[in-house]
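Next comes work-v7.cif, with mmCIF, C-alpha atoms.
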```
data_structure
loop_
_atom_site.group_PDB
_atom_site.id
_atom_site.type_symbol
_atom_site.label_atom_id
_atom_site.label_comp_id
_atom_site.auth_asym_id
_atom_site.auth_seq_id
_atom_site.Cartn_x
_atom_site.Cartn_y
_atom_site.Cartn_z
ATOM 1 C CA MET N 25 6.342 84.100 66.406
ATOM 2 C CA ARG N 26 4.722 81.810 63.844
ATOM 3 C CA VAL N 27 7.276 79.436 62.351
ATOM 4 C CA THR N 28 6.481 76.837 59.712
ATOM 5 C CA PRO N 29 8.375 73.514 59.542
ATOM 6 C CA ASP N 30 10.021 74.632 56.278
ATOM 7 C CA SER N 31 11.393 77.817 57.826
ATOM 8 C CA VAL N 32 15.126 78.364 58.395
ATOM 9 C CA LEU N 33 17.103 80.082 61.142
ATOM 10 C CA PHE N 34 20.779 80.725 60.310
ATOM 11 C CA ILE N 35 22.902 82.114 63.162
ATOM 12 C CA THR N 36 26.601 82.979 63.025
ATOM 13 C CA ILE N 37 28.280 83.585 66.367
ATOM 14 C CA ASP N 38 30.965 85.868 65.056
ATOM 15 C CA SER N 39 34.562 84.928 65.928
ATOM 16 C CA CYS N 40 33.469 82.219 68.368
ATOM 17 C CA ARG N 41 36.195 79.645 68.841
ATOM 18 C CA TYR N 42 35.267 75.988 69.099
ATOM 19 C CA ASP N 43 36.945 75.614 72.491
ATOM 20 C CA THR N 44 35.049 78.644 73.786
ATOM 21 C CA PHE N 45 31.743 77.085 72.787
ATOM 22 C CA VAL N 46 32.683 73.778 74.423
ATOM 23 C CA SER N 47 33.466 75.484 77.722
ATOM 24 C CA ALA N 48 30.441 77.805 77.712
ATOM 25 C CA ASN N 49 27.302 77.146 79.715
ATOM 26 C CA ALA N 50 25.040 77.517 76.696
ATOM 27 C CA PRO N 51 22.121 75.082 77.052
ATOM 28 C CA ALA N 52 19.820 76.734 74.507
ATOM 29 C CA MET N 53 22.352 76.636 71.686
ATOM 30 C CA LYS N 54 23.698 73.205 72.623
ATOM 31 C CA LYS N 55 20.154 71.832 72.471
ATOM 32 C CA VAL N 56 20.041 72.410 68.688
ATOM 33 C CA SER N 57 22.057 69.256 67.955
ATOM 34 C CA ALA N 58 25.256 67.498 68.839
ATOM 35 C CA LEU N 59 28.233 69.830 68.678
ATOM 36 C CA TYR N 60 30.675 69.346 65.800
ATOM 37 C CA LYS N 61 34.228 70.613 65.441
ATOM 38 C CA ALA N 62 34.104 72.095 61.964
ATOM 39 C CA GLN N 63 36.313 74.044 59.602
ATOM 40 C CA ALA N 64 35.066 77.447 58.495
ATOM 41 C CA PRO N 65 35.244 78.352 54.794
ATOM 42 C CA ALA N 66 37.404 81.418 55.553
ATOM 43 C CA HIS N 67 39.251 83.239 58.322
ATOM 44 C CA PHE N 68 37.355 86.533 58.383
ATOM 45 C CA THR N 69 33.740 87.648 58.371
ATOM 46 C CA TYR N 70 33.186 88.803 54.807
ATOM 47 C CA ALA N 71 34.801 85.862 53.047
ATOM 48 C CA SER N 72 33.203 83.299 55.335
ATOM 49 C CA HIS N 73 29.689 84.699 54.917
ATOM 50 C CA ALA N 74 30.112 85.077 51.156
ATOM 51 C CA ALA N 75 30.970 81.376 51.002
ATOM 52 C CA MET N 76 28.134 80.379 53.321
ATOM 53 C CA PHE N 77 25.655 82.403 51.288
ATOM 54 C CA ALA N 78 26.832 80.383 48.282
ATOM 55 C CA GLY N 79 25.969 77.205 50.188
ATOM 56 C CA PHE N 80 29.320 76.281 51.723
ATOM 57 C CA THR N 81 28.674 76.285 55.450
ATOM 58 C CA PRO N 82 31.400 75.104 57.875
ATOM 59 C CA GLY N 83 32.101 71.407 57.507
ATOM 60 C CA VAL N 84 33.687 68.334 59.028
ATOM 61 C CA ALA N 85 35.900 66.990 56.251
ATOM 62 C CA GLU N 86 36.348 63.509 57.719
ATOM 63 C CA LEU N 87 32.599 62.814 57.808
ATOM 64 C CA ALA N 88 30.869 61.618 54.635
ATOM 65 C CA THR N 89 27.635 62.977 56.047
ATOM 66 C CA PRO N 90 25.120 65.305 54.402
ATOM 67 C CA PHE N 91 24.986 68.853 55.780
ATOM 68 C CA LEU N 92 27.862 68.285 58.216
ATOM 69 C CA ASN N 93 30.152 68.050 55.210
ATOM 70 C CA PRO N 94 28.989 70.398 52.435
ATOM 71 C CA LYS N 95 31.405 68.721 50.027
ATOM 72 C CA PHE N 96 29.352 65.537 50.456
ATOM 73 C CA ALA N 97 25.929 67.195 50.440
ATOM 74 C CA ARG N 98 25.011 70.770 51.185
ATOM 75 C CA LEU N 99 22.271 71.920 53.475
ATOM 76 C CA PHE N 100 21.753 74.842 51.082
ATOM 77 C CA ARG N 101 22.325 73.952 47.430
ATOM 78 C CA LEU N 102 22.499 77.001 45.179
ATOM 79 C CA ASP N 103 21.414 76.039 41.674
ATOM 80 C CA ARG N 104 24.368 75.484 39.325
ATOM 81 C CA ALA N 105 26.905 76.821 41.833
ATOM 82 C CA GLY N 106 29.688 74.301 42.426
ATOM 83 C CA ALA N 107 29.546 70.520 42.274
ATOM 84 C CA ALA N 108 26.222 68.923 43.118
ATOM 85 C CA GLY N 109 27.655 66.683 45.852
ATOM 86 C CA HIS N 110 27.039 62.994 46.584
ATOM 87 C CA ALA N 111 23.607 63.177 48.226
ATOM 88 C CA ARG N 112 20.497 65.294 48.053
ATOM 89 C CA PRO N 113 20.731 68.784 49.527
ATOM 90 C CA GLY N 114 18.529 69.914 52.354
ATOM 91 C CA PHE N 115 17.215 72.886 50.388
ATOM 92 C CA SER N 116 17.731 73.539 46.687
ATOM 93 C CA VAL N 117 17.248 77.154 45.647
ATOM 94 C CA SER N 118 17.910 79.318 42.595
ATOM 95 C CA GLY N 119 19.248 82.860 42.787
ATOM 96 C CA THR N 120 22.333 85.017 43.116
ATOM 97 C CA ASP N 121 22.901 83.590 46.613
ATOM 98 C CA ILE N 122 20.925 81.435 49.028
ATOM 99 C CA VAL N 123 19.111 84.447 50.493
ATOM 100 C CA ASP N 124 17.937 85.436 47.020
ATOM 101 C CA GLY N 125 17.090 81.789 46.395
ATOM 102 C CA PHE N 126 14.828 81.572 49.431
ATOM 103 C CA ARG N 127 13.272 84.891 48.489
ATOM 104 C CA ASN N 128 12.576 83.493 45.000
ATOM 105 C CA ALA N 129 10.952 80.527 46.733
ATOM 106 C CA ARG N 130 8.562 83.021 48.370
ATOM 107 C CA TYR N 131 10.196 82.960 51.791
ATOM 108 C CA ALA N 132 10.232 86.095 53.902
ATOM 109 C CA THR N 133 13.944 86.906 54.170
ATOM 110 C CA ILE N 134 14.909 88.756 57.344
ATOM 111 C CA GLY N 135 18.453 89.563 58.454
ATOM 112 C CA ALA N 136 20.236 91.361 61.263
ATOM 113 C CA ALA N 137 24.003 91.690 61.608
ATOM 114 C CA ALA N 138 26.529 93.333 63.890
ATOM 115 C CA MET N 139 29.792 93.255 61.979
ATOM 116 C CA GLY N 140 30.994 96.166 59.838
ATOM 117 C CA TRP N 141 31.139 94.062 56.677
ATOM 118 C CA PHE N 142 27.322 94.231 56.773
ATOM 119 C CA ASP N 143 27.213 98.026 57.118
ATOM 120 C CA PRO N 144 24.999 99.357 54.280
ATOM 121 C CA LYS N 145 27.132 102.521 54.174
ATOM 122 C CA THR N 146 29.899 100.445 52.575
ATOM 123 C CA PRO N 147 29.313 99.312 48.966
ATOM 124 C CA VAL N 148 30.957 95.943 49.624
ATOM 125 C CA SER N 149 28.161 95.045 52.039
ATOM 126 C CA LYS N 150 25.642 94.748 49.202
ATOM 127 C CA LYS N 151 27.069 91.318 48.406
ATOM 128 C CA LEU N 152 25.961 90.123 51.838
ATOM 129 C CA THR N 153 22.861 92.223 52.464
ATOM 130 C CA GLY N 154 21.326 93.003 49.079
ATOM 131 C CA SER N 155 19.077 89.954 48.835
ATOM 132 C CA PHE N 156 17.195 90.428 52.110
ATOM 133 C CA GLU N 157 13.707 91.886 52.059
ATOM 134 C CA GLN N 158 14.233 93.265 55.544
ATOM 135 C CA PHE N 159 17.703 93.875 56.952
ATOM 136 C CA LEU N 160 19.126 95.723 59.956
ATOM 137 C CA PHE N 161 22.768 96.538 60.598
ATOM 138 C CA THR N 162 23.177 97.071 64.323
ATOM 139 C CA GLY N 163 26.889 97.604 64.849
ATOM 140 C CA ASP N 164 27.563 97.596 68.594
ATOM 141 C CA LYS N 165 23.920 98.049 69.640
ATOM 142 C CA GLY N 166 23.771 94.415 70.743
ATOM 143 C CA ILE N 167 21.768 91.270 70.253
ATOM 144 C CA ALA N 168 18.664 92.576 72.047
ATOM 145 C CA THR N 169 18.183 95.160 69.274
ATOM 146 C CA GLN N 170 18.620 92.478 66.641
ATOM 147 C CA LEU N 171 16.122 90.129 68.242
ATOM 148 C CA ALA N 172 13.533 92.885 68.616
ATOM 149 C CA PHE N 173 13.870 93.672 64.910
ATOM 150 C CA ILE N 174 13.550 90.016 63.904
ATOM 151 C CA GLU N 175 10.505 89.538 66.121
ATOM 152 C CA LYS N 176 8.810 92.622 64.676
ATOM 153 C CA GLN N 177 9.442 91.634 61.061
ATOM 154 C CA ALA N 178 8.514 87.986 61.559
ATOM 155 C CA ALA N 179 5.250 88.933 63.266
ATOM 156 C CA ARG N 180 4.096 90.492 59.997
ATOM 157 C CA GLU N 181 4.530 87.202 58.146
ATOM 158 C CA THR N 182 1.495 85.095 58.928
ATOM 159 C CA ARG N 183 1.518 82.946 55.792
ATOM 160 C CA ARG N 184 5.034 82.683 54.394
ATOM 161 C CA ASN N 185 7.951 80.510 55.423
ATOM 162 C CA LEU N 186 10.781 82.423 57.087
ATOM 163 C CA PHE N 187 14.479 82.607 56.305
ATOM 164 C CA VAL N 188 16.009 84.433 59.256
ATOM 165 C CA PHE N 189 19.709 85.264 59.444
ATOM 166 C CA LEU N 190 21.423 86.611 62.551
ATOM 167 C CA ASN N 191 25.087 87.629 62.824
ATOM 168 C CA VAL N 192 25.916 87.954 66.534
ATOM 169 C CA GLY N 193 28.580 90.488 67.508
ATOM 170 C CA GLU N 194 29.139 90.036 71.237
ATOM 171 C CA THR N 195 31.643 87.207 70.710
ATOM 172 C CA HIS N 196 33.753 89.324 68.325
ATOM 173 C CA VAL N 197 36.576 91.458 69.694
ATOM 174 C CA PRO N 198 36.546 93.301 72.041
ATOM 175 C CA TYR N 199 34.312 90.569 73.577
ATOM 176 C CA TYR N 200 31.670 92.695 75.251
ATOM 177 C CA PHE N 201 28.002 92.379 76.154
ATOM 178 C CA GLU N 202 25.579 94.809 77.722
ATOM 179 C CA GLY N 203 26.273 94.997 81.443
ATOM 180 C CA ALA N 204 29.642 93.217 81.255
ATOM 181 C CA PRO N 205 31.905 94.141 84.196
ATOM 182 C CA TRP N 206 34.708 95.435 81.983
ATOM 183 C CA ASP N 207 35.209 98.442 79.725
ATOM 184 C CA ARG N 208 33.920 98.065 76.168
ATOM 185 C CA THR N 209 36.927 100.017 74.893
ATOM 186 C CA ASP N 210 39.417 97.569 76.433
ATOM 187 C CA ASN N 211 40.296 95.051 73.716
ATOM 188 C CA PRO N 212 42.379 92.126 75.028
ATOM 189 C CA CYS N 213 42.995 90.752 71.525
ATOM 190 C CA LEU N 214 44.892 93.178 69.312
ATOM 191 C CA PRO N 215 46.836 92.080 66.225
ATOM 192 C CA PHE N 216 50.611 92.044 66.830
ATOM 193 C CA GLN N 217 50.254 92.716 70.547
ATOM 194 C CA LYS N 218 53.189 91.710 72.738
ATOM 195 C CA VAL N 219 51.312 91.327 76.026
ATOM 196 C CA ASP N 220 49.778 87.891 76.627
ATOM 197 C CA ARG N 221 46.117 88.448 77.502
ATOM 198 C CA ALA N 222 44.921 85.022 76.349
ATOM 199 C CA ALA N 223 43.300 84.222 79.700
ATOM 200 C CA GLU N 224 41.196 87.383 79.518
ATOM 201 C CA CYS N 225 40.235 86.649 75.909
ATOM 202 C CA ARG N 226 39.125 83.155 76.845
ATOM 203 C CA GLU N 227 37.097 84.257 79.845
ATOM 204 C CA ARG N 228 35.444 87.229 78.147
ATOM 205 C CA GLN N 229 34.455 85.356 74.993
ATOM 206 C CA ARG N 230 33.019 82.532 77.116
ATOM 207 C CA LEU N 231 30.914 84.962 79.139
ATOM 208 C CA CYS N 232 29.763 86.672 75.943
ATOM 209 C CA CYS N 233 28.733 83.302 74.553
ATOM 210 C CA GLU N 234 26.731 82.549 77.687
ATOM 211 C CA TYR N 235 25.028 85.947 77.536
ATOM 212 C CA VAL N 236 24.126 85.357 73.882
ATOM 213 C CA ASP N 237 22.706 81.952 74.762
ATOM 214 C CA ARG N 238 20.313 83.438 77.290
ATOM 215 C CA LYS N 239 19.115 86.003 74.770
ATOM 216 C CA LEU N 240 18.758 83.479 71.938
ATOM 217 C CA ALA N 241 16.769 80.891 73.893
ATOM 218 C CA PRO N 242 13.252 82.068 72.866
ATOM 219 C CA LEU N 243 14.178 82.411 69.185
ATOM 220 C CA LEU N 244 15.770 78.968 69.097
ATOM 221 C CA GLU N 245 12.715 77.478 70.760
ATOM 222 C CA SER N 246 10.480 79.094 68.145
ATOM 223 C CA PHE N 247 12.427 77.316 65.379
ATOM 224 C CA ALA N 248 12.749 73.980 67.191
ATOM 225 C CA ASP N 249 10.485 72.211 64.679
ATOM 226 C CA ALA N 250 12.099 73.905 61.676
ATOM 227 C CA THR N 251 15.705 74.102 60.429
ATOM 228 C CA ILE N 252 18.492 75.746 62.421
ATOM 229 C CA VAL N 253 22.120 76.278 61.464
ATOM 230 C CA LEU N 254 24.275 77.651 64.260
ATOM 231 C CA CYS N 255 27.991 78.124 63.744
ATOM 232 C CA GLY N 256 31.023 80.319 64.096
ATOM 233 C CA ASP N 257 32.095 82.089 60.931
ATOM 234 C CA HIS N 258 35.733 81.992 62.062
ATOM 235 C CA GLY N 259 37.707 81.958 65.293
ATOM 236 C CA ASP N 260 40.490 84.048 66.797
ATOM 237 C CA CYS N 261 44.123 83.446 67.665
ATOM 238 C CA TRP N 262 45.024 84.108 71.279
ATOM 239 C CA GLY N 263 48.795 84.043 71.077
ATOM 240 C CA GLU N 264 49.133 80.696 69.318
ATOM 241 C CA ASP N 265 52.317 80.842 67.221
ATOM 242 C CA GLY N 266 52.633 84.470 68.304
ATOM 243 C CA LEU N 267 49.413 85.438 66.483
ATOM 244 C CA TRP N 268 46.403 87.420 67.654
ATOM 245 C CA GLU N 269 42.865 87.979 66.355
ATOM 246 C CA HIS N 270 41.699 86.812 62.884
ATOM 247 C CA GLY N 271 42.116 87.632 59.204
ATOM 248 C CA ILE N 272 44.981 85.131 59.122
ATOM 249 C CA SER N 273 44.878 81.472 58.108
ATOM 250 C CA HIS N 274 45.519 79.377 61.206
ATOM 251 C CA PRO N 275 43.829 76.363 62.852
ATOM 252 C CA MET N 276 42.450 78.629 65.573
ATOM 253 C CA THR N 277 40.848 81.042 63.086
ATOM 254 C CA LEU N 278 39.388 78.222 60.992
ATOM 255 C CA THR N 279 38.066 75.833 63.665
ATOM 256 C CA VAL N 280 34.504 76.664 64.709
ATOM 257 C CA PRO N 281 31.460 75.153 66.416
ATOM 258 C CA LEU N 282 28.715 73.750 64.176
ATOM 259 C CA LEU N 283 25.221 72.595 65.132
ATOM 260 C CA ILE N 284 22.431 71.737 62.692
ATOM 261 C CA ARG N 285 18.782 70.895 63.157
ATOM 262 C CA TYR N 286 16.909 69.890 59.994
ATOM 263 C CA HIS N 287 13.123 70.020 59.898
ATOM 264 C CA GLY N 288 12.992 69.659 63.663
ATOM 265 C CA ARG N 289 15.514 66.831 63.976
ATOM 266 C CA PRO N 290 19.110 67.114 65.170
ATOM 267 C CA VAL N 291 21.422 66.249 62.310
ATOM 268 C CA GLU N 292 22.817 63.204 64.136
ATOM 269 C CA ASP N 293 19.324 61.676 64.214
ATOM 270 C CA LEU N 294 18.788 61.882 60.467
ATOM 271 C CA GLN N 295 18.790 58.738 58.371
ATOM 272 C CA VAL N 296 21.593 59.145 55.832
#
```

Represent the supplied structure as structure tokens.
Amino acid sequence: MRVTPDSVLFITIDSCRYDTFVSANAPAMKKVSALYKAQAPAHFTYASHAAMFAGFTPGVAELATPFLNPKFARLFRLDRAGAAGHARPGFSVSGTDIVDGFRNARYATIGAAAMGWFDPKTPVSKKLTGSFEQFLFTGDKGIATQLAFIEKQAARETRRNLFVFLNVGETHVPYYFEGAPWDRTDNPCLPFQKVDRAAECRERQRLCCEYVDRKLAPLLESFADATIVLCGDHGDCWGEDGLWEHGISHPMTLTVPLLIRYHGRPVEDLQV
């Protein structure tokens, strides 16, 4: 895959809790940058991605650091949308959302997503998918299908910069990956459940994260000299305060992993 230094790879590991990511053996993803404990812009997939596509990626409120705190300076600054911030953005684009903005800047915009909010059969998905030149909704077909699609589309782009978005589904309930030694239909994290299956949730999401890491390694390496944003869009509750799953405002649904590499440099190495 040909990747220019100005290209962008934006990956959301759906529902991945921060503590899951910390515990996972995920060397490819953890190589992107230092790991930051960030707050997601929302507690469920649609709202979080809508905010991120407006330029508000997860942030660390206590850091007055560009990109790590989008209130201070955004990695993706959408023209005239929200306050300008206190420092220069990483990318400044004009459009209905950042995907449209990169497309207007002559980037090839390629997306693949697993979650139902991205299903083109639902009208609401157009808010998230309508700006991509090439987009694939995969549902439960898995990350291998997504990566094959991205590779095929990117191979056609020999001259343009790339904006590639990937929404990973394995880490979302029911926490399953191809070949996992448990039944896909067995969901250990059901809203309002009375049985405590937190240990199973923790173990299964960790193993899903590790599986995803192995699959993502070549793509991440391809973008090593470009820009990478890798984050959770929200987390899940596993019995904390009697709550399960997401779609509820709680520290466990809002705390996510965040890693950023900007033009080939981990965010912690940037001069700010």

Residues at most 10 Å from Glu181 in chain N, counting all atoms listed in the file, excluding those fewer than 3 positions away in the same chain, as a ChimeraX atom specification? /N:25-27,131-132,176-178,184-186

Distance query Ala62 in chain N at most 8 Å, only C-alpha atoms, self and fewer than 5 positions along chain excluded, as a compact mmCIF listing (two decimals) with C-alpha atoms, keeping the file's coordinate frame:
```txt
# COMPACT_ATOMS: atom_id res chain seq x y z
CA PRO N 82 31.40 75.10 57.88
CA GLY N 83 32.10 71.41 57.51
CA VAL N 84 33.69 68.33 59.03
CA ALA N 85 35.90 66.99 56.25
CA THR N 279 38.07 75.83 63.66
CA VAL N 280 34.50 76.66 64.71
CA PRO N 281 31.46 75.15 66.42
CA LEU N 282 28.72 73.75 64.18
```

I'd like to see the residues matched by the PyMOL selection byres ((chain N and resi 229-237) around 7) on this file, and ideally I'd get them as number ranges by chain. N: 44, 48-50, 52-53, 194-195, 199-201, 225-228, 238-241

Please save C-alpha atoms of the selected residues as a PDB file, in the coordinates of the input.
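Output file result28.pdb follows:
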```pdb
ATOM      1  CA  THR N  44      35.049  78.644  73.786  1.00  0.00           C
ATOM      2  CA  ALA N  48      30.441  77.805  77.712  1.00  0.00           C
ATOM      3  CA  ASN N  49      27.302  77.146  79.715  1.00  0.00           C
ATOM      4  CA  ALA N  50      25.040  77.517  76.696  1.00  0.00           C
ATOM      5  CA  ALA N  52      19.820  76.734  74.507  1.00  0.00           C
ATOM      6  CA  MET N  53      22.352  76.636  71.686  1.00  0.00           C
ATOM      7  CA  GLU N 194      29.139  90.036  71.237  1.00  0.00           C
ATOM      8  CA  THR N 195      31.643  87.207  70.710  1.00  0.00           C
ATOM      9  CA  TYR N 199      34.312  90.569  73.577  1.00  0.00           C
ATOM     10  CA  TYR N 200      31.670  92.695  75.251  1.00  0.00           C
ATOM     11  CA  PHE N 201      28.002  92.379  76.154  1.00  0.00           C
ATOM     12  CA  CYS N 225      40.235  86.649  75.909  1.00  0.00           C
ATOM     13  CA  ARG N 226      39.125  83.155  76.845  1.00  0.00           C
ATOM     14  CA  GLU N 227      37.097  84.257  79.845  1.00  0.00           C
ATOM     15  CA  ARG N 228      35.444  87.229  78.147  1.00  0.00           C
ATOM     16  CA  ARG N 238      20.313  83.438  77.290  1.00  0.00           C
ATOM     17  CA  LYS N 239      19.115  86.003  74.770  1.00  0.00           C
ATOM     18  CA  LEU N 240      18.758  83.479  71.938  1.00  0.00           C
ATOM     19  CA  ALA N 241      16.769  80.891  73.893  1.00  0.00           C
TER      20      ALA N 241
END
```

Which residue out of N:Cys261, N:Ala204, N:Ala172, N:Leu92 has the minimum interatomic distance to Ala58 in chain N when all atoms listed in the file are used? N:Leu92

Take every atom of range 39-58 of chain N listed in the file, pad by 6 Å on each side, and give me the axis-aligned box centre and edge lengths in Å, one decimal, as lines of an AutoDock Vina configuration file.
```
center_x = 28.4
center_y = 76.2
center_z = 72.8
size_x = 29.1
size_y = 29.4
size_z = 25.8
```

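Nearest residue to Thr28 in chain N among N:Asp143, N:Asp43, N:Asp249, N:Glu264 is N:Asp249, counting only C-alpha atoms.
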
If I take CA of Val32 in chain N and CA of Val46 in chain N, how far is one from the other in Å, to one decimal? 24.2 Å

Just the number, please: distance in Å from CA of Thr169 in chain N to CA of Leu243 in chain N, one decimal. 13.4 Å

For this structure, which residues satisfy the selection - the PyMOL selection byres ((chain N and resi 35) around 7) - when it is evaluated on the file as given? I want them as a ChimeraX atom specification. /N:33-34,36-37,189-191,253-255

List the neighbours of Arg285 in chain N out to 7 Å using all atoms listed in the file; skip same-chain residues closer than 6 positions along the sequence, and give me the result as JSON, numbers by chain. {"N": [56, 57, 251, 252, 253, 291]}

Only C-alpha atoms, please: the residues just picked out, written as an mmCIF file, in the frame of the given file.
```cif
data_model
loop_
_atom_site.group_PDB
_atom_site.id
_atom_site.type_symbol
_atom_site.label_atom_id
_atom_site.label_comp_id
_atom_site.auth_asym_id
_atom_site.auth_seq_id
_atom_site.Cartn_x
_atom_site.Cartn_y
_atom_site.Cartn_z
ATOM 1 C CA VAL N 56 20.041 72.410 68.688
ATOM 2 C CA SER N 57 22.057 69.256 67.955
ATOM 3 C CA THR N 251 15.705 74.102 60.429
ATOM 4 C CA ILE N 252 18.492 75.746 62.421
ATOM 5 C CA VAL N 253 22.120 76.278 61.464
ATOM 6 C CA VAL N 291 21.422 66.249 62.310
#
```

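Pairwise distance (CA of Phe173 in chain N, CA of Asp210 in chain N) equals 28.3 Å.
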